[in-house]
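A.B. asks: Structure supplied as model_37.csv; contents: CSV, C-alpha atoms and all ligand atoms.
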chain,number,residue,atom,x,y,z
B,746,MET,CA,98.5,114.7,36.5
B,747,ILE,CA,98.4,117.4,39.1
B,748,SER,CA,102.0,118.1,39.8
B,749,PHE,CA,103.3,119.0,43.2
B,750,ALA,CA,106.7,117.8,42.0
B,751,ARG,CA,107.7,120.6,39.7
B,752,GLY,CA,109.7,123.4,41.4
B,753,ALA,CA,108.9,125.7,38.4
B,754,PRO,CA,106.9,128.8,38.1
B,755,ALA,CA,103.3,128.4,36.8
B,756,SER,CA,103.1,129.4,33.1
B,757,GLU,CA,101.2,132.6,33.9
B,758,CYS,CA,104.3,133.8,35.8
B,759,LEU,CA,106.2,134.0,32.5
B,760,ASP,CA,105.6,137.3,30.7
B,761,ALA,CA,106.4,136.1,27.2
B,762,GLU,CA,105.4,139.4,25.5
B,763,LEU,CA,107.6,141.5,27.9
B,764,LEU,CA,110.5,139.2,27.5
B,765,ALA,CA,110.2,139.1,23.7
B,766,ASP,CA,110.2,142.9,23.6
B,767,CYS,CA,113.2,143.0,25.9
B,768,ALA,CA,115.0,140.5,23.7
B,769,ARG,CA,114.3,142.6,20.6
B,770,SER,CA,115.6,145.8,22.3
B,771,ALA,CA,118.6,143.9,23.7
B,772,ILE,CA,119.8,142.9,20.3
B,773,ALA,CA,118.9,146.1,18.6
B,774,GLY,CA,120.6,148.2,21.4
B,775,ASP,CA,123.7,146.1,21.5
B,776,PRO,CA,124.4,143.7,18.6
B,777,SER,CA,127.5,142.5,20.4
B,778,VAL,CA,125.2,140.3,22.5
B,779,LEU,CA,125.3,138.0,19.4
B,780,ALA,CA,129.1,137.6,19.6
B,781,TYR,CA,131.4,135.7,21.9
B,782,GLY,CA,132.5,137.7,24.9
B,783,PRO,CA,133.7,137.4,28.5
B,784,GLY,CA,133.0,134.0,30.1
B,785,GLY,CA,131.9,135.8,33.3
B,786,GLY,CA,128.8,137.3,31.7
B,787,TYR,CA,127.2,140.3,30.1
B,788,GLY,CA,129.1,143.4,31.4
B,789,PRO,CA,126.1,145.7,32.2
B,790,LEU,CA,124.3,142.9,34.1
B,791,ARG,CA,127.5,142.1,36.1
B,792,LYS,CA,127.8,145.7,36.9
B,793,TRP,CA,124.2,145.9,38.1
B,794,LEU,CA,124.6,142.8,40.2
B,795,GLY,CA,127.9,144.0,41.6
B,796,ASP,CA,126.3,147.3,42.6
B,797,ARG,CA,123.4,145.4,44.2
B,798,HIS,CA,125.8,143.3,46.3
B,799,GLY,CA,128.3,146.0,46.9
B,800,VAL,CA,131.2,144.3,45.1
B,801,GLU,CA,133.3,144.9,41.9
B,802,PRO,CA,131.7,143.5,38.8
B,803,ALA,CA,134.7,141.2,38.4
B,804,ARG,CA,133.5,139.3,41.5
B,805,VAL,CA,130.2,138.5,39.8
B,806,VAL,CA,130.1,135.5,37.5
B,807,VAL,CA,126.9,135.1,35.6
B,808,THR,CA,126.4,131.5,34.8
B,809,ASN,CA,124.0,129.4,32.7
B,810,GLY,CA,121.6,129.1,35.6
B,811,GLY,CA,122.5,128.6,39.2
B,812,LEU,CA,123.0,124.9,38.9
B,813,GLN,CA,125.8,125.2,36.3
B,814,GLY,CA,127.5,127.6,38.7
B,815,PHE,CA,127.2,125.0,41.4
B,816,VAL,CA,129.1,122.5,39.3
B,817,PHE,CA,131.9,125.0,38.7
B,818,TYR,CA,132.0,126.0,42.4
B,819,ALA,CA,132.0,122.3,43.6
B,820,GLU,CA,134.7,121.3,41.1
B,821,GLU,CA,136.8,124.3,42.1
B,822,LEU,CA,136.5,123.8,45.9
B,823,LEU,CA,136.9,120.0,45.8
B,824,ALA,CA,140.2,120.4,43.8
B,825,GLU,CA,141.4,123.2,46.0
B,826,ARG,CA,140.4,121.9,49.5
B,827,PRO,CA,139.9,118.2,49.7
B,828,GLY,CA,137.5,117.3,52.4
B,829,ARG,CA,133.8,116.6,53.1
B,830,VAL,CA,131.0,118.6,51.7
B,831,LEU,CA,128.5,119.5,54.4
B,832,VAL,CA,124.9,119.8,53.3
B,833,GLU,CA,121.6,120.3,55.0
B,834,ALA,CA,119.5,117.2,55.3
B,835,PRO,CA,117.2,117.4,53.5
B,836,THR,CA,118.7,119.5,50.6
B,837,TYR,CA,118.1,120.2,46.9
B,838,ASP,CA,118.5,116.9,45.1
B,839,ARG,CA,120.4,118.0,42.0
B,840,PRO,CA,123.5,119.2,43.9
B,841,LEU,CA,123.5,115.8,45.7
B,842,LYS,CA,123.6,114.0,42.3
B,843,ILE,CA,126.4,116.4,41.1
B,844,LEU,CA,128.4,115.8,44.3
B,845,ALA,CA,128.0,112.1,44.0
B,846,ARG,CA,129.2,112.3,40.3
B,847,LEU,CA,132.2,114.3,41.5
B,848,GLY,CA,133.0,111.6,44.0
B,849,ALA,CA,132.5,114.0,47.0
B,850,ASP,CA,132.2,112.7,50.5
B,851,VAL,CA,128.9,114.3,51.5
B,852,CYS,CA,128.0,114.8,55.2
B,853,PRO,CA,124.3,115.5,56.1
B,854,LEU,CA,123.6,118.1,58.8
B,855,THR,CA,120.3,117.9,60.7
B,856,MET,CA,117.7,120.6,60.4
B,857,ASP,CA,114.6,121.6,62.3
B,858,GLY,CA,111.8,124.1,61.8
B,859,GLU,CA,114.3,126.9,62.1
B,860,GLY,CA,116.6,125.5,59.4
B,861,LEU,CA,120.1,124.1,59.7
B,862,ASP,CA,121.2,123.0,63.3
B,863,PRO,CA,124.3,125.0,64.1
B,864,ASP,CA,125.3,122.5,66.8
B,865,ALA,CA,125.4,119.8,64.1
B,866,LEU,CA,127.5,122.1,62.0
B,867,GLU,CA,129.9,122.7,64.9
B,868,ARG,CA,130.3,119.0,65.6
B,869,GLU,CA,131.0,118.1,61.9
B,870,LEU,CA,133.4,121.0,61.4
B,871,ALA,CA,135.4,119.8,64.4
B,872,ALA,CA,135.2,116.1,63.3
B,873,SER,CA,137.1,116.3,60.0
B,874,GLU,CA,138.4,118.4,57.1
B,875,THR,CA,135.7,120.2,55.3
B,876,SER,CA,135.8,121.3,51.7
B,877,PHE,CA,132.8,123.6,51.9
B,878,LEU,CA,129.3,124.0,53.4
B,879,TYR,CA,126.4,124.1,50.9
B,880,THR,CA,123.3,125.8,52.4
B,881,ILE,CA,120.0,127.2,51.2
B,882,PRO,CA,119.1,129.4,54.2
B,883,THR,CA,116.0,131.1,52.8
B,884,PHE,CA,112.8,129.2,51.7
B,885,GLN,CA,114.9,126.1,51.4
B,886,ASN,CA,114.4,123.6,48.6
B,887,PRO,CA,112.9,121.2,49.6
B,888,SER,CA,111.7,122.1,53.1
B,889,GLY,CA,110.5,125.8,52.6
B,890,ARG,CA,112.3,126.5,55.9
B,891,THR,CA,114.2,129.7,56.6
B,892,LEU,CA,117.3,129.9,58.9
B,893,SER,CA,116.7,132.4,61.8
B,894,THR,CA,118.9,135.4,62.1
B,895,GLU,CA,120.5,134.1,65.3
B,896,ARG,CA,121.5,130.9,63.6
B,897,ARG,CA,122.8,132.8,60.5
B,898,ARG,CA,125.2,134.6,62.9
B,899,ARG,CA,126.3,131.3,64.4
B,900,VAL,CA,126.8,129.7,61.0
B,901,VAL,CA,128.9,132.6,59.8
B,902,ASP,CA,130.9,132.6,63.1
B,903,LEU,CA,131.6,128.9,62.8
B,904,ALA,CA,132.7,129.2,59.2
B,905,ALA,CA,135.0,132.0,60.2
B,906,ALA,CA,136.4,130.1,63.2
B,907,HIS,CA,137.2,127.1,61.0
B,908,GLY,CA,138.1,129.0,57.9
B,909,VAL,CA,135.6,127.0,55.9
B,910,PRO,CA,134.1,128.3,52.6
B,911,VAL,CA,130.3,128.5,52.4
B,912,LEU,CA,128.1,128.4,49.3
B,913,GLU,CA,124.9,130.3,50.1
B,914,ASP,CA,122.3,129.3,47.4
B,915,ASP,CA,119.5,131.8,47.4
B,916,PRO,CA,117.2,131.6,44.4
B,917,TYR,CA,114.0,132.0,46.4
B,918,GLY,CA,114.9,134.9,48.8
B,919,LEU,CA,113.2,137.6,46.7
B,920,VAL,CA,110.0,135.5,46.4
B,921,ARG,CA,108.8,136.6,49.8
B,922,TYR,CA,105.0,136.8,50.4
B,923,GLU,CA,105.2,138.3,53.9
B,924,GLY,CA,107.5,139.0,56.8
B,925,GLU,CA,110.9,140.6,56.9
B,926,ALA,CA,113.9,139.3,55.0
B,927,PRO,CA,116.8,138.3,57.3
B,928,SER,CA,120.3,139.4,56.2
B,929,SER,CA,122.0,136.9,54.0
B,930,LEU,CA,125.0,135.0,55.2
B,931,HIS,CA,127.0,136.9,52.6
B,932,GLU,CA,126.0,140.2,54.1
B,933,LEU,CA,126.7,139.0,57.6
B,934,GLU,CA,130.1,137.6,56.8
B,935,GLY,CA,131.2,140.2,54.2
B,936,GLY,CA,132.0,137.8,51.3
B,937,GLU,CA,135.4,136.6,52.4
B,938,LEU,CA,134.3,133.0,52.9
B,939,VAL,CA,130.7,133.1,51.8
B,940,THR,CA,129.9,132.9,48.1
B,941,TYR,CA,126.4,134.0,47.3
B,942,ALA,CA,124.5,132.4,44.5
B,943,SER,CA,121.1,133.2,43.0
B,944,SER,CA,119.2,133.0,39.8
B,945,PHE,CA,116.5,134.7,37.7
B,946,SER,CA,114.8,131.4,37.2
B,947,LYS,CA,112.3,131.9,39.9
B,948,THR,CA,111.9,135.7,39.5
B,949,VAL,CA,111.9,136.1,35.7
B,950,ALA,CA,111.9,132.8,33.9
B,951,PRO,CA,113.9,129.5,34.2
B,952,GLY,CA,114.2,129.4,30.4
B,953,VAL,CA,116.5,132.4,30.4
B,954,ARG,CA,119.1,130.3,32.2
B,955,VAL,CA,120.7,133.2,34.0
B,956,GLY,CA,122.2,132.6,37.4
B,957,TRP,CA,124.9,134.5,39.3
B,958,PHE,CA,127.7,133.9,41.8
B,959,VAL,CA,129.2,136.6,44.0
B,960,ALA,CA,132.6,135.2,45.0
B,961,PRO,CA,135.9,136.3,46.6
B,962,ALA,CA,138.0,137.8,43.8
B,963,GLY,CA,140.4,134.9,43.3
B,964,LEU,CA,137.6,132.3,43.2
B,965,ALA,CA,135.5,134.5,40.9
B,966,ALA,CA,138.4,134.5,38.4
B,967,ARG,CA,138.7,130.7,38.6
B,968,LEU,CA,134.9,130.2,38.2
B,969,GLU,CA,135.1,132.4,35.1
B,970,ALA,CA,138.0,130.4,33.7
B,971,ARG,CA,135.9,127.2,34.2
B,972,ALA,CA,133.0,128.9,32.3
B,973,VAL,CA,135.3,129.7,29.4
B,974,SER,CA,136.8,126.2,29.2
B,975,ASN,CA,133.3,124.7,29.2
B,976,TYR,CA,131.3,127.0,26.9
B,977,ILE,CA,133.6,129.9,25.8
B,978,SER,CA,131.0,132.4,26.7
B,979,PRO,CA,127.5,132.3,28.1
B,980,PRO,CA,124.4,133.3,26.0
B,981,PHE,CA,124.6,137.1,26.2
B,982,LEU,CA,121.2,137.4,24.5
B,983,THR,CA,119.3,136.1,27.5
B,984,GLN,CA,121.6,137.9,30.0
B,985,ALA,CA,121.1,141.1,28.0
B,986,THR,CA,117.3,140.5,27.9
B,987,VAL,CA,117.2,140.2,31.7
B,988,HIS,CA,119.3,143.4,31.9
B,989,GLU,CA,116.9,145.2,29.6
B,990,LEU,CA,114.0,144.1,31.8
B,991,ILE,CA,115.8,145.6,34.8
B,992,ASP,CA,116.9,148.7,32.9
B,993,ARG,CA,113.3,149.4,32.0
B,994,GLY,CA,112.3,149.3,35.6
B,995,ALA,CA,110.2,146.2,34.9
B,996,PHE,CA,111.9,143.7,37.2
B,997,GLU,CA,110.2,144.8,40.5
B,998,PRO,CA,106.7,145.1,39.0
B,999,ASN,CA,107.1,141.7,37.3
B,1000,LEU,CA,108.3,140.2,40.6
B,1001,GLU,CA,105.3,141.6,42.4
B,1002,ARG,CA,103.0,140.1,39.8
B,1003,ILE,CA,104.7,136.7,40.1
B,1004,LYS,CA,104.6,136.9,43.9
B,1005,GLY,CA,100.8,137.6,43.7
B,1006,LEU,CA,100.3,134.5,41.6
B,1007,LEU,CA,102.4,132.3,43.8
B,1008,ARG,CA,101.1,133.7,47.1
B,1009,THR,CA,97.6,132.6,46.0
B,1010,ARG,CA,99.0,129.1,45.3
B,1011,ARG,CA,100.8,128.9,48.7
B,1012,ASP,CA,97.6,130.0,50.4
B,1013,ALA,CA,95.6,127.5,48.4
B,1014,MET,CA,97.9,124.7,49.5
B,1015,LEU,CA,98.0,125.7,53.2
B,1016,GLY,CA,94.2,126.1,53.2
B,1017,ALA,CA,93.7,122.7,51.6
B,1018,LEU,CA,96.1,121.0,54.0
B,1019,ALA,CA,94.3,122.5,56.9
B,1020,ARG,CA,90.9,121.5,55.6
B,1021,HIS,CA,91.8,118.0,54.6
B,1022,LEU,CA,94.8,116.8,56.7
B,1023,GLU,CA,94.8,118.7,60.0
B,1024,GLY,CA,95.9,116.3,62.8
B,1025,LYS,CA,97.1,113.6,60.4
B,1026,THR,CA,100.0,115.3,58.8
B,1027,SER,CA,102.3,118.2,59.7
B,1028,TRP,CA,103.8,120.7,57.3
B,1029,SER,CA,106.1,123.7,57.1
B,1030,ASN,CA,104.5,127.2,56.8
B,1031,PRO,CA,106.8,129.1,54.4
B,1032,GLU,CA,106.6,132.9,54.1
B,1033,GLY,CA,107.9,132.6,50.6
B,1034,GLY,CA,109.4,130.4,48.0
B,1035,TYR,CA,108.0,127.5,46.0
B,1036,PHE,CA,107.8,124.5,48.4
B,1037,LEU,CA,106.5,123.1,51.7
B,1038,TRP,CA,107.6,120.0,53.4
B,1039,ALA,CA,105.0,117.5,54.8
B,1040,ASP,CA,105.7,114.9,57.4
B,1041,LEU,CA,103.3,112.0,56.7
B,1042,PRO,CA,101.8,109.2,58.8
B,1043,VAL,CA,102.8,106.7,56.1
B,1044,ASP,CA,105.7,105.7,53.9
B,1045,ALA,CA,106.1,108.4,51.2
B,1046,SER,CA,107.0,106.0,48.4
B,1047,HIS,CA,103.9,103.9,48.9
B,1048,LEU,CA,101.8,107.0,49.0
B,1049,LEU,CA,103.5,108.3,45.8
B,1050,THR,CA,102.7,105.1,43.9
B,1051,LYS,CA,99.0,105.4,44.9
B,1052,ALA,CA,98.9,109.1,44.4
B,1053,GLU,CA,100.3,108.9,40.8
B,1054,ALA,CA,97.7,106.2,40.0
B,1055,ALA,CA,95.1,108.7,41.3
B,1056,GLY,CA,96.5,111.6,39.2
B,1057,VAL,CA,98.8,113.5,41.7
B,1058,THR,CA,102.5,113.6,41.9
B,1059,PHE,CA,105.1,114.9,44.4
B,1060,VAL,CA,108.7,114.2,45.3
B,1061,LYS,CA,109.3,111.8,48.1
B,1062,GLY,CA,111.5,113.0,51.0
B,1063,ALA,CA,114.2,110.4,50.6
B,1064,ASP,CA,115.3,112.0,47.3
B,1065,PHE,CA,116.6,115.0,49.2
B,1066,TYR,CA,118.9,113.0,51.6
B,1067,PRO,CA,122.4,111.8,50.7
B,1068,GLY,CA,122.1,108.1,49.7
B,1069,GLY,CA,118.3,108.3,50.2
B,1070,ASP,CA,119.0,107.9,53.9
B,1071,GLY,CA,116.1,109.8,55.6
B,1072,GLY,CA,112.8,111.4,54.8
B,1073,GLY,CA,111.0,108.1,54.4
B,1074,ARG,CA,107.8,109.5,55.7
B,1075,SER,CA,108.2,113.0,54.2
B,1076,ALA,CA,107.3,114.7,50.9
B,1077,ARG,CA,108.2,117.9,49.2
B,1078,LEU,CA,105.0,119.6,47.9
B,1079,ALA,CA,105.7,122.3,45.4
B,1080,PHE,CA,102.8,124.8,45.1
B,1081,SER,CA,104.4,126.9,42.4
B,1082,SER,CA,103.2,125.3,39.3
B,1083,ALA,CA,99.7,123.8,39.7
B,1084,SER,CA,96.7,126.2,39.7
B,1085,PRO,CA,94.9,127.0,43.0
B,1086,SER,CA,91.9,124.7,42.1
B,1087,GLU,CA,94.3,121.9,41.1
B,1088,ILE,CA,96.1,122.4,44.4
B,1089,ASP,CA,92.8,122.0,46.3
B,1090,GLU,CA,91.9,118.9,44.3
B,1091,GLY,CA,95.4,117.4,44.5
B,1092,VAL,CA,95.5,117.8,48.3
B,1093,SER,CA,92.0,116.3,48.7
B,1094,ILE,CA,93.1,113.3,46.6
B,1095,LEU,CA,96.2,112.9,48.9
B,1096,ALA,CA,94.0,113.2,51.9
B,1097,SER,CA,91.6,110.5,50.6
B,1098,LEU,CA,94.6,108.2,50.1
B,1099,LEU,CA,95.7,108.8,53.7
B,1100,ARG,CA,92.3,108.1,55.2
U,1201,LIG,C1,118.1,125.7,45.7
U,1201,LIG,C2,118.2,125.8,44.2
U,1201,LIG,N1,119.4,126.2,43.7
U,1201,LIG,C3,119.5,126.2,42.4
U,1201,LIG,C4,118.5,125.9,41.5
U,1201,LIG,C5,118.8,126.0,40.0
U,1201,LIG,O1,118.3,127.1,39.4
U,1201,LIG,P1,118.7,127.4,37.9
U,1201,LIG,O2,117.4,127.3,37.1
U,1201,LIG,O3,119.2,128.9,38.1
U,1201,LIG,O4,119.8,126.5,37.5
U,1201,LIG,C6,117.3,125.6,42.0
U,1201,LIG,C7,116.2,125.2,41.1
U,1201,LIG,O5,115.2,124.7,41.4
U,1201,LIG,C8,117.1,125.5,43.4
U,1201,LIG,O6,116.0,125.1,44.0
What would the structure in this file look like if it were written as structure tokens?

C.D. replies:
Amino acid sequence: MISFARGAPASECLDAELLADCARSAIAGDPSVLAYGPGGGYGPLRKWLGDRHGVEPARVVVTNGGLQGFVFYAEELLAERPGRVLVEAPTYDRPLKILARLGADVCPLTMDGEGLDPDALERELAASETSFLYTIPTFQNPSGRTLSTERRRRVVDLAAAHGVPVLEDDPYGLVRYEGEAPSSLHELEGGELVTYASSFSKTVAPGVRVGWFVAPAGLAARLEARAVSNYISPPFLTQATVHELIDRGAFEPNLERIKGLLRTRRDAMLGALARHLEGKTSWSNPEGGYFLWADLPVDASHLLTKAEAAGVTFVKGADFYPGGDGGGRSARLAFSSASPSEIDEGVSILASLLR
């Protein structure tokens, strides 16, 4: 099966030897990584992340992947501020499932090629109480879209005007193949209302399960308390392994290598789409990240059934809308995990099914 469904890095992206060596040094250099410790994460990594974001280490909570942090954040905010959770439509499917499990009232906000529509945000903020806004402004999962700087300013201004907390989820921002990175919402707003979340899953390896949250001080302490009550302390071994990789100066070169591998895949997918589907289908053109979004001339679930029978899989657009309400003729195509030749073959199979 050629998978355009998996939002995971291709296996060549994972430098097993480097990580094994970093893990060995991490234990040898600091055997306390084998013990229990602070629920908010490995001290040296918190410090490095705090310096990077210009905050005290106590405001950084290193979680078991970004998604675990999302659970803590959502539980905390829903308890503290009852109200609707505003999300982009489409948005990352796992948070939608978590929010449904938590019984949240989820309100979809429309998007276009420039990302979240601030007018929709303004309308919904005025319409009823909001618990928080969940947004993925850069190389969004699933659409690959990036919110323009002008819109970022408006989002931040609207959040401030309504006093509404924002969770900015940014695991893909560093995976940029070209173009200039816009300022994060967190930078624009100053971190009073905006909590910034990211992860080493897409830049080092998902298996390390190291994500991080940069939150206002009080919220960070509460997220840390949730971590303690759920798992006592996180796996310091993998956090220290990531820290060792950074400390050696290997993070940036490794990221460049990963970006090279993924850029080739992004280009393979864009090239194949242009060759096989020009005029029949439209797609986003991301400058980074793992995904692009295709608007199809047919029902995506019918295409998916036929595609899987022919050896190609993707995720249908409806999975990224609350209640499956939308995206019927759309698909998320991940270019991160298949090889460039598989990507070409997979797109040509999809094109033959659309003919
Ligand atoms: C937008 C977004 N947030 C969070 C995550 C979760 O990442 P992690 O592996 O750090 O839990 C993903 C993974 O695909 C993602 O796409």

A.B. asks: In Å, rounded to a single decimal, give me how far CA of Ala966 (chain B) is from CA of Leu870 (chain B).

C.D. replies: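 Going from CA of Leu870 (chain B) over to CA of Ala966 (chain B) covers 27.1 Å.
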
A.B. asks: At a cut-off of 8 Å and counting all atoms listed in the file, what residues surround ligand LIG 1201 (chain U)? Please answer as a CSV table (one decimal) with C-alpha atoms, keeping the file's coordinate frame.

C.D. replies:
chain,number,residue,atom,x,y,z
B,752,GLY,CA,109.7,123.4,41.4
B,753,ALA,CA,108.9,125.7,38.4
B,809,ASN,CA,124.0,129.4,32.7
B,810,GLY,CA,121.6,129.1,35.6
B,811,GLY,CA,122.5,128.6,39.2
B,812,LEU,CA,123.0,124.9,38.9
B,813,GLN,CA,125.8,125.2,36.3
B,814,GLY,CA,127.5,127.6,38.7
B,815,PHE,CA,127.2,125.0,41.4
B,836,THR,CA,118.7,119.5,50.6
B,837,TYR,CA,118.1,120.2,46.9
B,881,ILE,CA,120.0,127.2,51.2
B,885,GLN,CA,114.9,126.1,51.4
B,886,ASN,CA,114.4,123.6,48.6
B,887,PRO,CA,112.9,121.2,49.6
B,914,ASP,CA,122.3,129.3,47.4
B,915,ASP,CA,119.5,131.8,47.4
B,916,PRO,CA,117.2,131.6,44.4
B,917,TYR,CA,114.0,132.0,46.4
B,943,SER,CA,121.1,133.2,43.0
B,944,SER,CA,119.2,133.0,39.8
B,945,PHE,CA,116.5,134.7,37.7
B,946,SER,CA,114.8,131.4,37.2
B,947,LYS,CA,112.3,131.9,39.9
B,951,PRO,CA,113.9,129.5,34.2
B,952,GLY,CA,114.2,129.4,30.4
B,954,ARG,CA,119.1,130.3,32.2
B,955,VAL,CA,120.7,133.2,34.0
B,956,GLY,CA,122.2,132.6,37.4

A.B. asks: Can I get the residues of region 889-981 of chain B within 6 Å of region 784-800 of chain B, each with the closest pair of atoms and their distance in Å to one decimal, using only C-alpha atoms, sorted chain first then ascending number, as a tab-separated table?

C.D. replies:
residue	atom	partner	partner_atom	distance
B:Glu969	CA	B:Gly785	CA	5.0
B:Ala972	CA	B:Gly784	CA	5.6
B:Val973	CA	B:Gly784	CA	4.9
B:Ile977	CA	B:Gly784	CA	6.0
B:Ser978	CA	B:Gly784	CA	4.3
B:Phe981	CA	B:Tyr787	CA	5.7

A.B. asks: Sort by chain and increasing residue number a table of all residues of region 753-834 of chain B within 10 Å of region 1075-1097 of chain B, each with its closest pair of atoms and their distance in Å to one decimal, counting only C-alpha atoms, and write it as a Markdown table.

C.D. replies:
| residue | atom | partner | partner_atom | distance |
| --- | --- | --- | --- | --- |
| B:Ala753 | CA | B:Ser1082 | CA | 5.8 |
| B:Pro754 | CA | B:Ser1082 | CA | 5.2 |
| B:Ala755 | CA | B:Ser1082 | CA | 4.0 |
| B:Ser756 | CA | B:Ser1082 | CA | 7.4 |
| B:Glu757 | CA | B:Ser1082 | CA | 9.3 |
| B:Cys758 | CA | B:Ser1082 | CA | 9.3 |

A.B. asks: Using all atoms listed in the file, find the one residue out of B:Leu822, B:Ala865, B:Ile843, B:Ala950 that sits nearest to Leu938 (chain B).

C.D. replies: B:Leu822

A.B. asks: In terms of the shortest atom-to-atom distance over all atoms listed in the file, which of B:Gly774, B:Gly1073, B:Gly828, B:Gly1033 is closest to Ala926 (chain B)?

C.D. replies: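 The shortest atom-to-atom distance to Ala926 (chain B) comes from B:Gly1033.
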
A.B. asks: Hey, what's within 12 Å of Ala872 (chain B) if we count all atoms listed in the file and toss same-chain stuff fewer than 5 positions away? As a list in words, please?

C.D. replies: Gly828, Arg829, Leu831, Cys852, Ala865, Leu866, Glu867 and His907 of chain B

A.B. asks: Measure the distance from CA of Cys767 (chain B) to CA of Leu990 (chain B) in Å and round it to one decimal.

C.D. replies: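 Spanning CA of Cys767 (chain B) to CA of Leu990 (chain B) is a straight-line distance of 6.1 Å.
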
A.B. asks: Please measure the separation of CA of Pro1067 (chain B) and CA of Leu930 (chain B), giving the value in Å to one decimal.

C.D. replies: 23.8 Å

A.B. asks: So, counting only C-alpha atoms, which residue among B:Ala834, B:Ala824, B:Leu982, B:Leu759 is closest to Met856 (chain B)?

C.D. replies: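 With only C-alpha atoms as the atom set, the closest residue is B:Ala834.
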
A.B. asks: Using only C-alpha atoms, which residue out of B:Glu934, B:Asp838, B:Glu825, B:Asp862 lies closest to Asp1064 (chain B)?

C.D. replies: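 Result for the nearest residue to Asp1064 (chain B): B:Asp838.
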